[in-house]
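Novice: Okay, so here is protein.cif, and as you'll see once you scroll down, it has mmCIF, C-alpha atoms.
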data_protein
#
loop_
_atom_site.label_atom_id
_atom_site.label_comp_id
_atom_site.auth_asym_id
_atom_site.auth_seq_id
_atom_site.Cartn_x
_atom_site.Cartn_y
_atom_site.Cartn_z
CA MET A 1 115.50 98.26 119.73
CA SER A 2 112.39 98.53 117.54
CA SER A 3 110.71 95.26 116.49
CA ASN A 4 109.02 96.81 113.45
CA THR A 5 109.58 95.17 110.07
CA ILE A 6 110.87 97.50 107.37
CA SER A 7 110.31 97.60 103.61
CA ILE A 8 112.41 99.73 101.24
CA ILE A 9 110.49 100.72 98.09
CA LEU A 10 112.16 102.13 94.98
CA PRO A 11 110.09 103.25 91.97
CA ALA A 12 112.22 102.82 88.86
CA LYS A 13 111.91 103.58 85.18
CA ASN A 14 114.91 102.82 82.99
CA GLU A 15 117.30 102.96 85.97
CA ALA A 16 119.30 99.80 85.25
CA ASP A 17 122.68 101.57 85.30
CA ASN A 18 121.96 103.36 88.59
CA LEU A 19 120.51 100.25 90.24
CA LYS A 20 123.68 98.27 89.48
CA THR A 21 125.45 100.54 91.96
CA LEU A 22 122.60 101.25 94.40
CA LEU A 23 121.16 97.78 95.04
CA PRO A 24 124.41 96.14 96.24
CA LYS A 25 124.80 98.95 98.79
CA LEU A 26 121.24 98.49 100.04
CA THR A 27 121.46 94.71 100.29
CA GLN A 28 124.76 94.95 102.15
CA LEU A 29 123.61 97.59 104.63
CA TYR A 30 120.08 96.33 105.23
CA GLN A 31 120.10 92.53 104.86
CA ALA A 32 117.11 92.11 107.21
CA TYR A 33 114.90 94.58 105.32
CA GLU A 34 112.52 93.83 102.49
CA ILE A 35 113.66 95.61 99.32
CA ILE A 36 111.11 96.15 96.55
CA VAL A 37 111.82 97.72 93.17
CA VAL A 38 108.71 98.73 91.22
CA ASP A 39 109.60 98.69 87.54
CA ASP A 40 107.37 101.28 85.88
CA GLY A 41 107.36 99.96 82.34
CA SER A 42 111.12 100.16 81.75
CA ASN A 43 112.53 99.23 78.35
CA ASP A 44 116.07 98.71 79.57
CA ASN A 45 117.64 95.99 81.74
CA THR A 46 116.05 97.14 85.04
CA VAL A 47 114.23 93.88 85.81
CA ASN A 48 117.28 91.66 85.21
CA VAL A 49 119.48 93.91 87.37
CA CYS A 50 116.98 93.60 90.23
CA LYS A 51 116.71 89.82 89.91
CA SER A 52 120.49 89.41 89.88
CA SER A 53 120.67 91.48 93.08
CA GLY A 54 118.14 89.23 94.81
CA VAL A 55 115.51 91.91 95.52
CA SER A 56 111.77 91.72 94.91
CA VAL A 57 110.50 93.19 91.64
CA ILE A 58 107.02 94.38 90.72
CA THR A 59 106.64 95.07 87.00
CA HIS A 60 104.12 97.41 85.42
CA PRO A 61 103.10 96.39 81.87
CA TYR A 62 103.43 100.03 80.83
CA SER A 63 104.51 103.29 82.45
CA MET A 64 101.84 104.29 84.99
CA GLY A 65 103.76 107.03 86.79
CA ASN A 66 105.96 107.48 89.85
CA GLY A 67 102.99 107.79 92.20
CA ALA A 68 101.41 104.61 90.85
CA ALA A 69 104.70 102.78 91.46
CA ILE A 70 104.79 104.06 95.04
CA LYS A 71 101.22 102.91 95.68
CA ASN A 72 101.80 99.50 94.14
CA GLY A 73 104.96 99.03 96.17
CA ALA A 74 103.19 100.03 99.40
CA ARG A 75 100.29 97.63 98.74
CA ASN A 76 102.70 94.73 98.29
CA ALA A 77 105.09 95.62 101.11
CA LYS A 78 105.06 93.51 104.26
CA GLY A 79 106.78 96.03 106.52
CA ASP A 80 105.26 98.06 109.36
CA ILE A 81 107.52 100.92 108.23
CA LEU A 82 107.94 101.96 104.62
CA VAL A 83 111.10 103.58 103.26
CA PHE A 84 110.68 105.42 99.95
CA MET A 85 113.73 106.49 97.98
CA ASP A 86 114.61 107.22 94.36
CA ALA A 87 116.34 104.63 92.22
CA ASP A 88 118.49 107.19 90.39
CA GLY A 89 121.33 107.29 92.90
CA GLN A 90 120.52 110.68 94.41
CA HIS A 91 119.84 109.35 97.90
CA ASN A 92 122.53 107.96 100.17
CA PRO A 93 121.48 104.53 101.52
CA GLU A 94 123.31 105.23 104.79
CA ASP A 95 120.83 108.06 105.50
CA ILE A 96 118.03 105.51 105.92
CA ALA A 97 119.35 104.64 109.39
CA ARG A 98 119.25 108.32 110.38
CA LEU A 99 115.65 108.70 109.23
CA LEU A 100 114.58 105.51 111.03
CA LYS A 101 116.26 106.63 114.24
CA LYS A 102 114.29 109.89 114.14
CA LEU A 103 111.04 108.02 113.36
CA ASN A 104 111.49 105.90 116.50
CA THR A 105 111.43 109.02 118.68
CA GLY A 106 107.66 109.36 118.17
CA PHE A 107 107.06 110.48 114.59
CA ASP A 108 104.79 108.99 111.91
CA MET A 109 106.86 110.29 108.98
CA VAL A 110 110.42 111.54 108.62
CA ILE A 111 111.50 113.27 105.43
CA GLY A 112 114.98 113.80 104.06
CA ALA A 113 115.15 117.57 103.47
CA ARG A 114 117.56 118.39 100.67
CA ALA A 115 120.06 121.22 100.99
CA SER A 116 119.64 124.05 98.47
CA SER A 117 122.83 122.97 96.74
CA SER A 118 121.20 119.59 96.01
CA HIS A 119 118.80 121.07 93.46
CA ALA A 120 120.02 120.81 89.90
CA SER A 121 119.24 124.35 88.77
CA LEU A 122 118.46 127.84 90.07
CA PHE A 123 114.90 127.48 88.77
CA ARG A 124 114.34 124.31 90.80
CA ARG A 125 115.74 125.94 93.93
CA PHE A 126 113.36 128.87 93.53
CA ALA A 127 110.41 126.59 92.71
CA ASN A 128 111.05 124.35 95.71
CA LYS A 129 111.23 127.34 98.06
CA PHE A 130 107.98 128.69 96.61
CA TYR A 131 106.22 125.35 97.05
CA ASN A 132 107.49 125.11 100.63
CA LYS A 133 106.19 128.60 101.46
CA ILE A 134 102.72 128.20 100.00
CA SER A 135 102.21 124.71 101.42
CA SER A 136 103.40 125.87 104.87
CA TRP A 137 100.73 128.58 104.75
CA MET A 138 98.08 126.05 103.71
CA THR A 139 98.90 123.65 106.52
CA SER A 140 100.00 126.17 109.20
CA GLN A 141 103.15 124.08 109.65
CA LYS A 142 106.72 124.65 108.50
CA ILE A 143 107.40 122.44 105.49
CA GLU A 144 111.13 122.24 104.75
CA ASP A 145 111.05 120.12 101.59
CA LEU A 146 107.64 119.47 100.05
CA THR A 147 108.78 117.40 97.06
CA SER A 148 111.48 115.17 98.55
CA GLY A 149 111.04 111.55 97.51
CA PHE A 150 113.24 110.24 100.35
CA ARG A 151 111.18 109.47 103.45
CA VAL A 152 110.20 106.84 106.02
CA ILE A 153 106.53 106.40 106.97
CA ARG A 154 104.51 104.16 109.23
CA ALA A 155 102.56 101.87 106.89
CA LYS A 156 99.35 102.09 108.94
CA GLN A 157 99.19 105.88 108.58
CA PHE A 158 100.29 105.86 104.94
CA GLY A 159 97.43 103.53 104.05
CA LYS A 160 94.88 106.11 105.20
CA PHE A 161 95.84 108.41 102.34
CA ILE A 162 96.83 106.03 99.57
CA HIS A 163 93.55 106.69 97.69
CA LEU A 164 94.44 110.41 97.53
CA LEU A 165 97.84 109.96 95.93
CA PRO A 166 98.16 110.89 92.24
CA ASN A 167 99.79 108.49 89.81
CA LYS A 168 102.47 110.92 88.63
CA PHE A 169 105.28 112.80 90.37
CA SER A 170 103.17 114.70 92.92
CA TYR A 171 102.83 111.95 95.51
CA PRO A 172 105.33 113.56 98.00
CA THR A 173 103.33 116.79 97.89
CA THR A 174 100.06 115.05 98.65
CA ILE A 175 101.27 112.77 101.43
CA THR A 176 103.22 115.54 103.18
CA MET A 177 100.31 117.98 103.31
CA SER A 178 97.86 115.21 104.23
CA PHE A 179 99.97 114.19 107.24
CA PHE A 180 100.32 117.76 108.47
CA ARG A 181 96.64 118.59 108.09
CA SER A 182 95.62 115.33 109.82
CA GLY A 183 97.79 116.02 112.83
CA PHE A 184 100.29 113.19 112.37
CA PRO A 185 103.76 114.18 113.65
CA VAL A 186 106.27 114.82 110.86
CA ALA A 187 109.99 115.52 111.17
CA TYR A 188 112.76 116.54 108.78
CA ILE A 189 116.35 115.35 108.66
CA PRO A 190 118.80 117.37 106.50
CA ILE A 191 120.38 115.37 103.69
CA THR A 192 122.57 116.08 100.70
CA ALA A 193 121.24 114.60 97.48
CA SER A 194 123.81 113.66 94.86
CA LYS A 195 123.48 114.45 91.19
CA ARG A 196 121.26 111.82 89.61
CA GLY A 197 122.67 109.44 87.06
CA GLY A 198 121.09 109.75 83.62
CA LYS A 199 118.26 112.03 82.53
CA SER A 200 115.45 113.17 84.86
CA HIS A 201 111.90 112.07 84.03
CA ILE A 202 110.41 115.28 85.47
CA ASN A 203 109.17 118.02 83.13
CA ILE A 204 109.68 121.29 85.01
CA LEU A 205 106.75 123.21 83.49
CA ARG A 206 104.20 120.38 83.32
CA ASP A 207 105.00 118.86 86.71
CA GLY A 208 105.46 122.28 88.32
CA ILE A 209 101.88 123.20 87.41
CA ARG A 210 100.74 119.79 88.64
CA PHE A 211 102.44 120.36 92.01
CA LEU A 212 100.59 123.68 92.42
CA LEU A 213 97.25 122.07 91.58
CA ILE A 214 97.91 119.34 94.13
CA ILE A 215 98.72 121.94 96.81
CA PHE A 216 95.39 123.69 96.22
CA LYS A 217 93.57 120.37 96.01
CA ILE A 218 94.85 119.29 99.41
CA GLY A 219 94.32 122.80 100.81
CA THR A 220 90.66 122.77 99.82
CA LEU A 221 90.25 119.22 101.10
CA TYR A 222 91.71 119.84 104.56
CA SER A 223 91.46 123.59 105.16
CA PRO A 224 88.95 125.17 102.71
CA LEU A 225 88.68 128.52 104.46
CA LYS A 226 92.42 129.01 104.09
CA LEU A 227 91.76 129.28 100.36
CA PHE A 228 88.23 130.68 100.14
CA LEU A 229 88.50 133.40 102.82
CA PRO A 230 91.30 135.45 101.19
CA ILE A 231 89.50 135.26 97.81
CA SER A 232 86.26 136.37 99.48
CA LEU A 233 87.98 139.27 101.24
CA MET A 234 89.63 140.34 97.99
CA HIS A 235 86.25 140.55 96.19
CA PHE A 236 84.67 142.31 99.17
CA THR A 237 87.47 144.88 99.37
CA ILE A 238 87.32 145.60 95.64
CA GLY A 239 83.52 145.88 95.80
CA ILE A 240 83.52 148.32 98.72
CA SER A 241 86.37 150.35 97.21
CA TYR A 242 84.58 150.58 93.88
CA TYR A 243 81.35 151.58 95.67
CA LEU A 244 83.14 154.40 97.53
CA TYR A 245 84.74 155.55 94.28
CA THR A 246 81.44 155.64 92.33
CA TYR A 247 79.57 157.21 95.26
CA MET A 248 82.15 159.99 95.63
CA THR A 249 82.36 160.50 91.87
CA TYR A 250 78.82 159.91 90.58
CA GLY A 251 76.79 159.80 93.79
CA ARG A 252 75.39 156.29 93.14
CA PHE A 253 75.81 152.58 93.90
CA THR A 254 76.67 150.60 90.76
CA ASN A 255 75.72 147.07 89.72
CA MET A 256 79.40 146.11 89.57
CA SER A 257 79.85 146.97 93.25
CA ALA A 258 76.80 144.89 94.15
CA LEU A 259 78.06 141.97 92.05
CA LEU A 260 81.48 142.00 93.70
CA ILE A 261 80.07 142.16 97.23
CA ILE A 262 77.52 139.40 96.58
CA THR A 263 80.25 137.26 95.01
CA SER A 264 82.42 137.71 98.08
CA ILE A 265 79.56 136.54 100.32
CA LEU A 266 78.92 133.49 98.12
CA ILE A 267 82.62 132.52 98.08
CA PHE A 268 82.75 132.81 101.87
CA LEU A 269 79.64 130.64 102.28
CA ILE A 270 81.09 128.00 99.93
CA GLY A 271 84.26 127.94 102.05
CA LEU A 272 82.20 127.69 105.25
CA VAL A 273 80.14 124.76 103.93
CA SER A 274 83.32 123.07 102.67
CA GLU A 275 84.85 123.47 106.14
CA GLN A 276 81.84 121.75 107.71
CA ILE A 277 81.99 118.90 105.19
CA THR A 278 85.69 118.46 105.97
CA ALA A 279 84.92 118.30 109.70
CA LEU A 280 82.35 115.56 109.07
CA LEU A 281 84.84 113.59 106.98
CA PHE A 282 87.39 113.77 109.80
CA GLN A 283 84.82 112.58 112.32
CA GLN A 284 83.96 109.59 110.14
CA ARG A 285 87.65 108.74 109.70
CA GLU A 286 88.23 108.87 113.47
CA ARG A 287 85.37 106.38 114.02
CA GLN A 288 86.82 103.90 111.54
#
Transcribe the structure of this file into structure tokens.

Specialist:
Amino acid sequence: MSSNTISIILPAKNEADNLKTLLPKLTQLYQAYEIIVVDDGSNDNTVNVCKSSGVSVITHPYSMGNGAAIKNGARNAKGDILVFMDADGQHNPEDIARLLKKLNTGFDMVIGARASSSHASLFRRFANKFYNKISSWMTSQKIEDLTSGFRVIRAKQFGKFIHLLPNKFSYPTTITMSFFRSGFPVAYIPITASKRGGKSHINILRDGIRFLLIIFKIGTLYSPLKLFLPISLMHFTIGISYYLYTYMTYGRFTNMSALLIITSILIFLIGLVSEQITALLFQQRERQ
């Protein structure tokens, strides 16, 4: 039996109605665990619901974002293992035991991977599959659910990346790719997420673009050549093709061909230097 202490962290914004149902289940199932609700500037009865349920509450004076709530909860948690789950009723509290059981087989993070039917709309299903594909390519690992907010993580490893996490809804994206690129073992457990109670706080267009930017940010931080090399090859291929076209047609080498080829070389060199800087950063982290 594991002797690790466990903290359950729930970021919440105006989730009083959902917490009335969720918190009694959590406190009944996991009496020995620390339960922390981070109230992200709610203007409903969230704080009073938490206090009446006997769980710890951290209150933000204004809405700082889902990621900020996660970070604040992690900083205040006492557990060796952190459990993150949504406060909107989508996640089944009984699945926590399944994730913890998998974690104890040698993993540093276990993520609840939602079934396709769990996504609210066809657009979200398509978007999630797209994010999973592109992030899997970036990290060279199969990522089954990049944006799932239901996961268990060893606090020691989570703390290494807390400074990278954004304050909004992209924290699952960042922490997942960071773990994969750093070589920490990650596992997935299939779950079925219920329909959330109330209205979602996620804006599909705005947060979708943010997720993509985070993917490329982490890609360039941990594997720069994965991003720079294809762009370099594209410019080089276009430059050579345009040179062959102008040579066969006009019998000369144009400035545009030269510009494209030189650009491809510069992009490659930037990626190479970035790769070396990344290697140095990893070496420094290993020494710490």

Novice: Starting from the displayed file, determine the output of the PyMOL selection byres ((chain A and resi 264) around 9) and express the residue list as a PyMOL selection string.

Specialist: chain A and resi 229+231-237+239+259-263+265-269

Novice: Can you write out the residues you just picked, keeping C-alpha atoms, as a PDB file, keeping the file's coordinate frame?

Specialist:
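Dumped everything to again_39.pdb:
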ATOM      1  CA  LEU A 229      88.500 133.400 102.820  1.00  0.00           C
ATOM      2  CA  ILE A 231      89.500 135.260  97.810  1.00  0.00           C
ATOM      3  CA  SER A 232      86.260 136.370  99.480  1.00  0.00           C
ATOM      4  CA  LEU A 233      87.980 139.270 101.240  1.00  0.00           C
ATOM      5  CA  MET A 234      89.630 140.340  97.990  1.00  0.00           C
ATOM      6  CA  HIS A 235      86.250 140.550  96.190  1.00  0.00           C
ATOM      7  CA  PHE A 236      84.670 142.310  99.170  1.00  0.00           C
ATOM      8  CA  THR A 237      87.470 144.880  99.370  1.00  0.00           C
ATOM      9  CA  GLY A 239      83.520 145.880  95.800  1.00  0.00           C
ATOM     10  CA  LEU A 259      78.060 141.970  92.050  1.00  0.00           C
ATOM     11  CA  LEU A 260      81.480 142.000  93.700  1.00  0.00           C
ATOM     12  CA  ILE A 261      80.070 142.160  97.230  1.00  0.00           C
ATOM     13  CA  ILE A 262      77.520 139.400  96.580  1.00  0.00           C
ATOM     14  CA  THR A 263      80.250 137.260  95.010  1.00  0.00           C
ATOM     15  CA  ILE A 265      79.560 136.540 100.320  1.00  0.00           C
ATOM     16  CA  LEU A 266      78.920 133.490  98.120  1.00  0.00           C
ATOM     17  CA  ILE A 267      82.620 132.520  98.080  1.00  0.00           C
ATOM     18  CA  PHE A 268      82.750 132.810 101.870  1.00  0.00           C
ATOM     19  CA  LEU A 269      79.640 130.640 102.280  1.00  0.00           C
TER      20      LEU A 269
END

Novice: Apply the PyMOL selection byres ((chain A and resi 158-175) around 8) to the displayed file and report the matching residues as a VMD selection string.

Specialist: chain A and resid 64 to 69 71 146 to 149 153 to 157 176 to 179 202 207 210 to 211 214 to 215 218

Novice: The PyMOL selection byres ((chain A and resi 111) around 7) on the file shown: which residues, as number ranges by chain?

Specialist: A: 109-110, 112-113, 150-152, 187-189

Novice: At what distance in Å, to one decimal, does CA of Gln141 (chain A) lie from CA of Arg181 (chain A)?

Specialist: 8.7 Å

Novice: Would you compute the distance between CA of Ile270 (chain A) and CA of Leu244 (chain A)? Give it in Å to one decimal.

Specialist: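 CA of Ile270 (chain A) sits 26.6 Å away from CA of Leu244 (chain A).
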
Novice: Kindly indicate which residue among A:Asp108, A:Glu94, A:Glu275, A:Asp88 lies nearest to Thr21 (chain A), using all atoms listed in the file for the distances.

Specialist: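 Checking each of A:Asp108, A:Glu94, A:Glu275, A:Asp88 against Thr21 (chain A), counting all atoms listed in the file, the winner is A:Asp88.
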
Novice: Please identify every residue of region 7-52 of chain A that has at least one atom no farther than 10 Å from an atom of region 95-102 of chain A, counting all atoms listed in the file, and for each give the shortest atom pair and the distance in Å to one decimal, arranged by chain then increasing number, as a Markdown table.

Specialist:
| residue | atom | partner | partner_atom | distance |
| --- | --- | --- | --- | --- |
| A:Ile8 | CA | A:Ile96 | CA | 9.3 |
| A:Leu26 | CA | A:Ile96 | CA | 9.7 |
| A:Leu29 | CA | A:Ala97 | CA | 9.5 |
| A:Tyr30 | CA | A:Ala97 | CA | 9.3 |

Novice: Would you compute the distance between CA of Gly89 (chain A) and CA of Ile36 (chain A)? Give it in Å to one decimal.

Specialist: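 About the pair CA of Gly89 (chain A) and CA of Ile36 (chain A): they are 15.6 Å apart.
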
Novice: With 8 Å added on each side, what axis-aligned box encloses every listed atom of region 71-89 of chain A? Give the centre and edge lengths in Å to one decimal, as JSON.

Specialist:
{"center_x": 110.8, "center_y": 100.4, "center_z": 99.9, "size_x": 37.0, "size_y": 29.8, "size_z": 35.0}

Novice: May I ask which of the residues A:Lys20, A:Lys13, A:Lys133, A:His91 is the closest one to Arg114 (chain A), counting all atoms listed in the file?

Specialist: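 Between A:Lys20, A:Lys13, A:Lys133, A:His91, the residue approaching Arg114 (chain A) most closely is A:His91.
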
Novice: Counting all atoms listed in the file, which of A:Met138, A:Leu10, A:Ile277, A:Leu103 gets nearest to Gln90 (chain A)?

Specialist: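 Closest to Gln90 (chain A) of all the choices is A:Leu10.
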
Novice: Find the residue from A:Pro61, A:Ile81, A:Phe216, A:Asp86 that sits nearest to Ser135 (chain A); use all atoms listed in the file when measuring.

Specialist: A:Phe216
